[in-house]
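Written out below as structure tokens is the structure these notes cover.
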Amino acid sequence: MSNPRRPRRQQQRAINTRQRILDTAGALFVSDSYEGTSVSDLITAARTSKGAFYRHFPGGKVDVASAIMEDTLTMDGLREQRLMLQEVVDIGMILAHRISREKALQAALMLSFHSNAPETYGTPWPDWIAFNTGQLTEARQRGELRSFVDPEEQAYQLAGDWAGVVLISHTVDRHLGNVETRVSRMYRNLLTAIAVPELLPEIDFSVRRGEHLYTAYLEGAPDPEAPE
């Protein structure tokens with residue numbers, strides 16, 4: 001009689017192998033660059049076989065890079081808030097928290113700026129700009145933005161400011177330990193210019209907000225600040 005648990009265990013092993021390859025690739029792409037990392041390097045460092053690697057990523061390194069983009073640059077942890085501008089801040093703070101700790105997310109950011117990224121493994125910036133445009137359009141409809149603010153143009157600036165702060169922090173400091181503080185200040189400065197002034201005291205720009213939201217998401221806890 002066949003063991004019904006065996007397919008489940010095999011499926012979980014396959015999931016674990018795939019994730020191990022992605023985690024390994026993220027670390028190697030950060031330390032040695034995408035170009036400086038070979039498939040052989042990935043197989044060896046991930047402690048897997050050539051056959052297992054190509055079962056998950058038949059296109060080789062390009063497929064690995066694409067998977068990193070799809071798996072890491074997500075909106076996980078974002079929760080509905082009373083103010084839409086709070087949600088604008090929250091997604092940036094969650095990603096700032098994650099990128100200071102996750103090599104795969106750091107690799108995704110670096111990969112996203114390669115000149116050939118859109119034609120090879122993809123880039124998240126058009127989607128993030130569209131997402132921010134939707135948030136800011138909703139914020140304008142709710143009366144949270146000053147009248148001169150153009151949501152789409154502001155969305156481009158948001159994405160550029162966030163990425164610039166992270167890249168400069170990494171380049172100048174040689175680490176990302178300060179990035180949450182810098183991203184928090186960036187959002188405070190930006191929203192001071194574009195938000196209706198009386199709303200600013202109600203927006204939480206705290207440095208650890210991204211950590212709190214993402215930890216609650218991972219633990220499946222309810223958000224005490226979310227509307228009923």
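Starting from 1 in every chain, residues are counted up; chains themselves are A, B, ... following the order of the structure tokens, and ligands are numbered from 1 as listed.
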Hey, could you make a per-residue contact list for stretch 63-118 of chain A against stretch 177-199 of chain A with 10 Å as the cut-off, showing the nearest pair of atoms and its distance in Å to one decimal, counting only C-alpha atoms, sorted by chain and number, as a Markdown table?
| residue | atom | partner | partner_atom | distance |
| --- | --- | --- | --- | --- |
| A:Leu83 | CA | A:Leu199 | CA | 8.7 |
| A:Leu85 | CA | A:Ala195 | CA | 8.0 |
| A:Val88 | CA | A:Tyr187 | CA | 8.9 |
| A:Val89 | CA | A:Tyr187 | CA | 6.4 |
| A:Asp90 | CA | A:Ser184 | CA | 9.7 |
| A:Gly92 | CA | A:Val183 | CA | 7.5 |
| A:Met93 | CA | A:Glu180 | CA | 6.7 |
| A:Ile94 | CA | A:Glu180 | CA | 8.9 |
| A:Leu95 | CA | A:Glu180 | CA | 9.0 |
| A:Ala96 | CA | A:Glu180 | CA | 5.4 |
| A:His97 | CA | A:Glu180 | CA | 6.1 |
| A:Arg98 | CA | A:Glu180 | CA | 9.4 |
| A:Ile99 | CA | A:Val179 | CA | 8.6 |
| A:Ser100 | CA | A:Gly177 | CA | 6.2 |
| A:Arg101 | CA | A:Gly177 | CA | 8.7 |
Write the residues of the selection above to a file with all heavy atoms, as a short mmCIF file (atom, residue, chain, number, x, y, z; two decimals), in the first residue's frame.
data_model
loop_
_atom_site.label_atom_id
_atom_site.label_comp_id
_atom_site.auth_asym_id
_atom_site.auth_seq_id
_atom_site.Cartn_x
_atom_site.Cartn_y
_atom_site.Cartn_z
N LEU A 83 -6.51 56.52 6.94
CA LEU A 83 -5.97 57.48 5.99
C LEU A 83 -5.23 56.72 4.88
O LEU A 83 -4.38 55.87 5.16
CB LEU A 83 -5.01 58.45 6.66
CG LEU A 83 -5.59 59.39 7.71
CD1 LEU A 83 -4.47 60.23 8.33
CD2 LEU A 83 -6.67 60.29 7.11
N LEU A 85 -3.03 58.03 2.96
CA LEU A 85 -1.63 58.44 3.02
C LEU A 85 -0.84 57.61 4.03
O LEU A 85 0.37 57.44 3.88
CB LEU A 85 -1.51 59.93 3.34
CG LEU A 85 -1.88 60.88 2.21
CD1 LEU A 85 -1.75 62.33 2.66
CD2 LEU A 85 -1.03 60.63 0.97
N VAL A 88 0.24 54.72 2.07
CA VAL A 88 1.37 55.10 1.21
C VAL A 88 2.68 54.98 1.99
O VAL A 88 3.67 54.42 1.50
CB VAL A 88 1.19 56.54 0.68
CG1 VAL A 88 2.45 57.02 -0.03
CG2 VAL A 88 -0.01 56.60 -0.27
N VAL A 89 2.68 55.49 3.20
CA VAL A 89 3.88 55.40 4.06
C VAL A 89 4.15 53.95 4.43
O VAL A 89 5.30 53.49 4.40
CB VAL A 89 3.70 56.25 5.33
CG1 VAL A 89 4.85 56.02 6.32
CG2 VAL A 89 3.60 57.73 4.97
N ASP A 90 3.11 53.21 4.76
CA ASP A 90 3.28 51.86 5.30
C ASP A 90 3.98 50.93 4.33
O ASP A 90 4.88 50.16 4.73
CB ASP A 90 1.92 51.27 5.69
CG ASP A 90 1.36 51.90 6.94
OD1 ASP A 90 2.07 52.69 7.60
OD2 ASP A 90 0.18 51.62 7.27
N GLY A 92 6.06 51.59 1.97
CA GLY A 92 7.47 51.94 1.88
C GLY A 92 8.25 51.54 3.11
O GLY A 92 9.41 51.10 3.03
N MET A 93 7.64 51.67 4.29
CA MET A 93 8.31 51.30 5.53
C MET A 93 8.44 49.78 5.67
O MET A 93 9.44 49.28 6.18
CB MET A 93 7.56 51.88 6.73
CG MET A 93 7.62 53.39 6.84
SD MET A 93 9.33 54.05 6.83
CE MET A 93 10.04 53.21 8.27
N ILE A 94 7.41 49.04 5.20
CA ILE A 94 7.51 47.57 5.23
C ILE A 94 8.66 47.10 4.36
O ILE A 94 9.48 46.26 4.76
CB ILE A 94 6.19 46.94 4.78
CG1 ILE A 94 5.10 47.16 5.83
CG2 ILE A 94 6.36 45.45 4.50
CD1 ILE A 94 3.70 46.83 5.35
N LEU A 95 8.75 47.64 3.14
CA LEU A 95 9.82 47.24 2.24
C LEU A 95 11.19 47.68 2.76
O LEU A 95 12.19 46.98 2.58
CB LEU A 95 9.57 47.79 0.84
CG LEU A 95 8.43 47.11 0.08
CD1 LEU A 95 8.09 47.88 -1.19
CD2 LEU A 95 8.79 45.67 -0.27
N ALA A 96 11.24 48.84 3.42
CA ALA A 96 12.51 49.28 4.02
C ALA A 96 12.95 48.32 5.12
O ALA A 96 14.14 47.98 5.24
CB ALA A 96 12.37 50.70 4.57
N HIS A 97 12.00 47.89 5.92
CA HIS A 97 12.32 46.91 6.97
C HIS A 97 12.81 45.61 6.36
O HIS A 97 13.85 45.06 6.77
CB HIS A 97 11.09 46.65 7.83
CG HIS A 97 11.22 45.46 8.73
ND1 HIS A 97 12.07 45.45 9.82
CD2 HIS A 97 10.63 44.24 8.69
CE1 HIS A 97 11.99 44.27 10.42
NE2 HIS A 97 11.14 43.51 9.75
N ARG A 98 12.09 45.12 5.35
CA ARG A 98 12.46 43.84 4.76
C ARG A 98 13.81 43.90 4.05
O ARG A 98 14.62 42.97 4.14
CB ARG A 98 11.37 43.38 3.79
CG ARG A 98 10.06 42.97 4.46
CD ARG A 98 9.05 42.52 3.42
NE ARG A 98 9.62 41.44 2.62
CZ ARG A 98 9.23 41.16 1.37
NH1 ARG A 98 8.29 41.89 0.79
NH2 ARG A 98 9.80 40.17 0.72
N ILE A 99 14.06 44.99 3.33
CA ILE A 99 15.28 45.04 2.53
C ILE A 99 16.52 45.15 3.40
O ILE A 99 17.62 44.78 2.98
CB ILE A 99 15.22 46.19 1.50
CG1 ILE A 99 16.15 45.87 0.31
CG2 ILE A 99 15.60 47.54 2.13
CD1 ILE A 99 15.92 46.74 -0.89
N SER A 100 16.35 45.63 4.62
CA SER A 100 17.50 45.69 5.53
C SER A 100 17.87 44.32 6.07
O SER A 100 18.94 44.16 6.65
CB SER A 100 17.19 46.63 6.70
OG SER A 100 16.18 46.09 7.55
N ARG A 101 17.01 43.32 5.81
CA ARG A 101 17.22 41.98 6.38
C ARG A 101 17.24 40.86 5.35
O ARG A 101 17.80 39.81 5.61
CB ARG A 101 16.13 41.69 7.41
CG ARG A 101 16.27 42.55 8.66
CD ARG A 101 14.96 42.68 9.42
NE ARG A 101 15.17 43.40 10.67
CZ ARG A 101 15.26 44.72 10.76
NH1 ARG A 101 15.14 45.46 9.66
NH2 ARG A 101 15.45 45.31 11.92
#
Practice prompt. As a ChimeraX atom specification, list the residues of stretch 32-139 of chain A assigned to helix (DSSP H, G or I) by DSSP on the backbone atoms of this structure.
Written response: /A:32,39-45,50-56,61-72,84-99,103-112,117-119,125-139
Worksheet entry | Pick from A:Met75, A:Val165, A:Leu145, A:Val62, whichever lies nearest to A:Glu119 using only C-alpha atoms |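 Of all the options, A:Val62 lies closest to A:Glu119.
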Find the residues of stretch 92-132 of chain A that sit at most 8 Å from stretch 150-164 of chain A; for each, write down the nearest two atoms and how far apart they are in Å, to one decimal. Count only C-alpha atoms. Sort by chain, then by number going up, and give it as CSV.
residue,atom,partner,partner_atom,distance
A:Gly92,CA,A:Trp162,CA,7.3
A:Trp125,CA,A:Ala159,CA,7.4
A:Trp128,CA,A:Ala159,CA,7.2
A:Ile129,CA,A:Ala155,CA,5.3
A:Ala130,CA,A:Ala155,CA,7.5
A:Asn132,CA,A:Ala155,CA,5.2
Item to complete: Rank A:Ile68, A:Met84, A:Leu200, A:Val172 by their smallest atom-to-atom distance to A:Thr133, using only C-alpha atoms, and report the top residue only.
Response: A:Met84
Practice prompt. Measure the distance from atom CA of A:Ala25 to atom CA of A:Glu219 in Å and round it to one decimal.
Written response: 26.2 Å
Worksheet entry | Residue contacts of stretch 102-117 of chain A (12 Å, only C-alpha atoms) excluding same-chain residues fewer than 5 positions away, as a PyMOL selection string | chain A and resi 19-35+62+64-74+94-97+122-126+128+159-160+162-164+166-167+170-171+175-177
Can I get the selected residues back with N, CA and C atoms, as a compact mmCIF listing (two decimals), in the first residue's frame?
# COMPACT_ATOMS: atom_id res chain seq x y z
N GLN A 19 13.11 27.28 -2.55
CA GLN A 19 13.36 28.45 -1.71
C GLN A 19 14.83 28.56 -1.35
N ARG A 20 15.49 27.43 -1.10
CA ARG A 20 16.91 27.46 -0.78
C ARG A 20 17.72 28.00 -1.93
N ILE A 21 17.35 27.62 -3.15
CA ILE A 21 18.05 28.15 -4.33
C ILE A 21 17.84 29.66 -4.44
N LEU A 22 16.61 30.12 -4.20
CA LEU A 22 16.34 31.56 -4.30
C LEU A 22 17.08 32.33 -3.20
N ASP A 23 17.08 31.81 -1.99
CA ASP A 23 17.79 32.48 -0.89
C ASP A 23 19.29 32.55 -1.19
N THR A 24 19.83 31.45 -1.71
CA THR A 24 21.24 31.41 -2.06
C THR A 24 21.56 32.38 -3.18
N ALA A 25 20.69 32.40 -4.19
CA ALA A 25 20.91 33.32 -5.31
C ALA A 25 20.88 34.76 -4.85
N GLY A 26 19.95 35.10 -3.96
CA GLY A 26 19.88 36.47 -3.46
C GLY A 26 21.19 36.88 -2.81
N ALA A 27 21.73 36.02 -1.96
CA ALA A 27 22.99 36.33 -1.28
C ALA A 27 24.15 36.45 -2.27
N LEU A 28 24.21 35.55 -3.24
CA LEU A 28 25.31 35.59 -4.21
C LEU A 28 25.19 36.78 -5.17
N PHE A 29 23.96 37.11 -5.57
CA PHE A 29 23.79 38.26 -6.46
C PHE A 29 24.19 39.55 -5.77
N VAL A 30 23.98 39.62 -4.46
CA VAL A 30 24.39 40.81 -3.71
C VAL A 30 25.90 40.86 -3.53
N SER A 31 26.49 39.74 -3.17
CA SER A 31 27.93 39.73 -2.87
C SER A 31 28.80 39.68 -4.12
N ASP A 32 28.38 38.90 -5.13
CA ASP A 32 29.22 38.67 -6.31
C ASP A 32 28.64 39.25 -7.60
N SER A 33 27.44 39.81 -7.54
CA SER A 33 26.69 40.38 -8.66
C SER A 33 26.02 39.28 -9.48
N TYR A 34 25.03 39.68 -10.23
CA TYR A 34 24.33 38.73 -11.10
C TYR A 34 25.27 38.16 -12.14
N GLU A 35 26.04 39.06 -12.78
CA GLU A 35 26.96 38.62 -13.83
C GLU A 35 28.07 37.74 -13.28
N VAL A 62 18.42 33.26 -15.54
CA VAL A 62 17.38 34.26 -15.84
C VAL A 62 16.08 33.90 -15.12
N VAL A 64 15.84 32.23 -12.37
CA VAL A 64 16.06 32.50 -10.94
C VAL A 64 15.83 33.98 -10.65
N ALA A 65 16.40 34.84 -11.47
CA ALA A 65 16.23 36.29 -11.28
C ALA A 65 14.75 36.68 -11.39
N SER A 66 14.05 36.10 -12.35
CA SER A 66 12.62 36.40 -12.51
C SER A 66 11.84 35.98 -11.28
N ALA A 67 12.17 34.81 -10.74
CA ALA A 67 11.47 34.31 -9.56
C ALA A 67 11.75 35.19 -8.35
N ILE A 68 12.97 35.68 -8.22
CA ILE A 68 13.29 36.59 -7.12
C ILE A 68 12.43 37.85 -7.21
N MET A 69 12.30 38.37 -8.42
CA MET A 69 11.45 39.56 -8.61
C MET A 69 10.01 39.27 -8.20
N GLU A 70 9.47 38.15 -8.64
CA GLU A 70 8.07 37.84 -8.40
C GLU A 70 7.80 37.50 -6.93
N ASP A 71 8.76 36.85 -6.28
CA ASP A 71 8.53 36.35 -4.93
C ASP A 71 8.81 37.37 -3.84
N THR A 72 9.66 38.36 -4.12
CA THR A 72 10.11 39.25 -3.05
C THR A 72 9.48 40.63 -3.09
N LEU A 73 9.30 41.20 -4.28
CA LEU A 73 8.78 42.56 -4.37
C LEU A 73 7.26 42.52 -4.35
N THR A 74 6.73 42.28 -3.17
CA THR A 74 5.29 42.12 -2.98
C THR A 74 4.77 43.19 -2.01
N ILE A 94 7.41 49.04 5.20
CA ILE A 94 7.51 47.57 5.23
C ILE A 94 8.66 47.10 4.36
N LEU A 95 8.75 47.64 3.14
CA LEU A 95 9.82 47.24 2.24
C LEU A 95 11.19 47.68 2.76
N ALA A 96 11.24 48.84 3.42
CA ALA A 96 12.51 49.28 4.02
C ALA A 96 12.95 48.32 5.12
N HIS A 97 12.00 47.89 5.92
CA HIS A 97 12.32 46.91 6.97
C HIS A 97 12.81 45.61 6.36
N GLY A 122 12.58 41.07 -15.93
CA GLY A 122 11.51 41.95 -15.49
C GLY A 122 11.97 42.99 -14.49
N THR A 123 11.14 44.01 -14.28
CA THR A 123 11.42 45.05 -13.30
C THR A 123 10.11 45.46 -12.65
N PRO A 124 10.10 45.72 -11.34
CA PRO A 124 8.84 45.98 -10.64
C PRO A 124 8.39 47.43 -10.69
N TRP A 125 9.24 48.33 -11.21
CA TRP A 125 8.94 49.76 -11.05
C TRP A 125 7.65 50.20 -11.71
N PRO A 126 7.31 49.76 -12.93
CA PRO A 126 6.01 50.17 -13.49
C PRO A 126 4.83 49.77 -12.61
N TRP A 128 4.92 49.22 -9.31
CA TRP A 128 4.93 49.99 -8.07
C TRP A 128 4.42 51.41 -8.32
N ALA A 159 8.57 56.47 -5.91
CA ALA A 159 9.38 55.30 -6.24
C ALA A 159 10.86 55.69 -6.37
N GLY A 160 11.12 56.81 -7.03
CA GLY A 160 12.49 57.25 -7.19
C GLY A 160 13.14 57.65 -5.89
N TRP A 162 12.33 56.58 -2.82
CA TRP A 162 12.55 55.39 -2.00
C TRP A 162 13.79 54.62 -2.48
N ALA A 163 13.83 54.37 -3.78
CA ALA A 163 14.97 53.61 -4.33
C ALA A 163 16.28 54.36 -4.14
N GLY A 164 16.25 55.68 -4.32
CA GLY A 164 17.47 56.47 -4.16
C GLY A 164 17.99 56.44 -2.74
N VAL A 166 17.52 54.07 -0.52
CA VAL A 166 18.06 52.73 -0.23
C VAL A 166 19.41 52.53 -0.91
N LEU A 167 19.52 52.89 -2.17
CA LEU A 167 20.77 52.68 -2.90
C LEU A 167 21.90 53.54 -2.33
N HIS A 170 23.05 52.07 0.98
CA HIS A 170 23.88 50.88 0.77
C HIS A 170 25.27 51.26 0.26
N THR A 171 25.34 52.24 -0.61
CA THR A 171 26.62 52.63 -1.20
C THR A 171 27.51 53.38 -0.22
N HIS A 175 26.08 49.20 4.26
CA HIS A 175 25.11 48.33 4.91
C HIS A 175 23.77 49.04 4.85
N LEU A 176 22.71 48.35 5.30
CA LEU A 176 21.38 48.94 5.26
C LEU A 176 20.78 49.11 6.66
N GLY A 177 21.66 49.17 7.64
CA GLY A 177 21.19 49.30 9.01
C GLY A 177 20.47 50.59 9.31
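If you measure from each of A:Tyr121, A:Gln86, A:Gly134, A:Asp127 to A:Arg209 using only C-alpha atoms, the closest one turns out to be A:Gln86.
Proximity to A:Thr48 was assessed for A:Arg174, A:Arg79, A:Arg13, A:Arg208 counting only C-alpha atoms; the smallest distance is recorded for A:Arg13.
The neighbours of A:Phe53 here are the residues that come within 9 Å of it, using only C-alpha atoms and leaving out any residue fewer than 4 positions away in the same chain; they are A:Thr17, A:Arg18, A:Ile21, A:Val39, A:Leu42, A:Ile43, A:Thr48, A:Ser49, A:Phe57, A:Pro58, A:Gly60.
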Those residues you just picked out, can you put them in a file as a compact mmCIF listing (two decimals), in the first residue's frame with all heavy atoms?
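Output below, filename part-v9.txt:
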# COMPACT_ATOMS: atom_id res chain seq x y z
N THR A 17 13.59 23.11 -1.53
CA THR A 17 14.73 23.22 -2.45
C THR A 17 14.65 24.49 -3.28
O THR A 17 15.64 25.22 -3.43
CB THR A 17 14.78 21.99 -3.38
OG1 THR A 17 14.97 20.81 -2.60
CG2 THR A 17 15.93 22.12 -4.38
N ARG A 18 13.48 24.77 -3.81
CA ARG A 18 13.31 25.99 -4.60
C ARG A 18 13.63 27.23 -3.78
O ARG A 18 14.34 28.13 -4.24
CB ARG A 18 11.88 26.06 -5.14
CG ARG A 18 11.60 27.29 -6.00
CD ARG A 18 10.15 27.33 -6.44
NE ARG A 18 9.90 28.42 -7.38
CZ ARG A 18 9.65 29.67 -7.00
NH1 ARG A 18 9.65 29.98 -5.71
NH2 ARG A 18 9.44 30.60 -7.92
N ILE A 21 17.35 27.62 -3.15
CA ILE A 21 18.05 28.15 -4.33
C ILE A 21 17.84 29.66 -4.44
O ILE A 21 18.79 30.42 -4.69
CB ILE A 21 17.54 27.45 -5.61
CG1 ILE A 21 17.97 25.97 -5.60
CG2 ILE A 21 18.10 28.14 -6.86
CD1 ILE A 21 17.31 25.14 -6.70
N VAL A 39 25.58 29.44 -12.81
CA VAL A 39 24.66 28.39 -12.37
C VAL A 39 25.38 27.39 -11.50
O VAL A 39 24.84 26.91 -10.49
CB VAL A 39 24.02 27.71 -13.60
CG1 VAL A 39 23.26 26.44 -13.17
CG2 VAL A 39 23.07 28.66 -14.32
N LEU A 42 25.51 28.64 -8.04
CA LEU A 42 24.22 28.50 -7.37
C LEU A 42 23.97 27.07 -6.91
O LEU A 42 23.53 26.84 -5.78
CB LEU A 42 23.09 28.95 -8.30
CG LEU A 42 23.03 30.44 -8.65
CD1 LEU A 42 21.94 30.68 -9.70
CD2 LEU A 42 22.77 31.27 -7.43
N ILE A 43 24.26 26.11 -7.77
CA ILE A 43 24.04 24.70 -7.44
C ILE A 43 24.90 24.29 -6.25
O ILE A 43 24.42 23.64 -5.31
CB ILE A 43 24.32 23.82 -8.66
CG1 ILE A 43 23.26 24.05 -9.74
CG2 ILE A 43 24.39 22.34 -8.27
CD1 ILE A 43 23.58 23.39 -11.07
N THR A 48 22.43 21.57 -3.87
CA THR A 48 21.44 20.82 -4.62
C THR A 48 22.10 20.20 -5.84
O THR A 48 23.31 20.35 -6.05
CB THR A 48 20.27 21.74 -5.04
OG1 THR A 48 19.21 20.94 -5.57
CG2 THR A 48 20.70 22.77 -6.07
N SER A 49 21.34 19.50 -6.65
CA SER A 49 21.88 18.86 -7.84
C SER A 49 21.52 19.67 -9.08
O SER A 49 20.60 20.50 -9.06
CB SER A 49 21.31 17.45 -7.99
OG SER A 49 19.91 17.51 -8.25
N PHE A 57 14.09 25.67 -12.35
CA PHE A 57 14.44 26.84 -13.15
C PHE A 57 15.02 26.41 -14.49
O PHE A 57 16.23 26.47 -14.71
CB PHE A 57 15.45 27.72 -12.39
CG PHE A 57 14.97 28.12 -11.02
CD1 PHE A 57 15.48 27.51 -9.88
CD2 PHE A 57 13.98 29.08 -10.88
CE1 PHE A 57 15.02 27.87 -8.62
CE2 PHE A 57 13.52 29.45 -9.63
CZ PHE A 57 14.04 28.84 -8.50
N PRO A 58 14.15 25.92 -15.39
CA PRO A 58 14.64 25.39 -16.67
C PRO A 58 15.36 26.42 -17.52
O PRO A 58 16.19 26.05 -18.37
CB PRO A 58 13.36 24.90 -17.37
CG PRO A 58 12.24 25.59 -16.67
CD PRO A 58 12.70 25.78 -15.26
N GLY A 60 17.49 28.53 -16.39
CA GLY A 60 18.76 28.86 -15.75
C GLY A 60 18.70 30.12 -14.90
O GLY A 60 17.69 30.40 -14.24
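Between atom CA of A:Ser40 and atom CA of A:Arg9 the separation is 26.7 Å.
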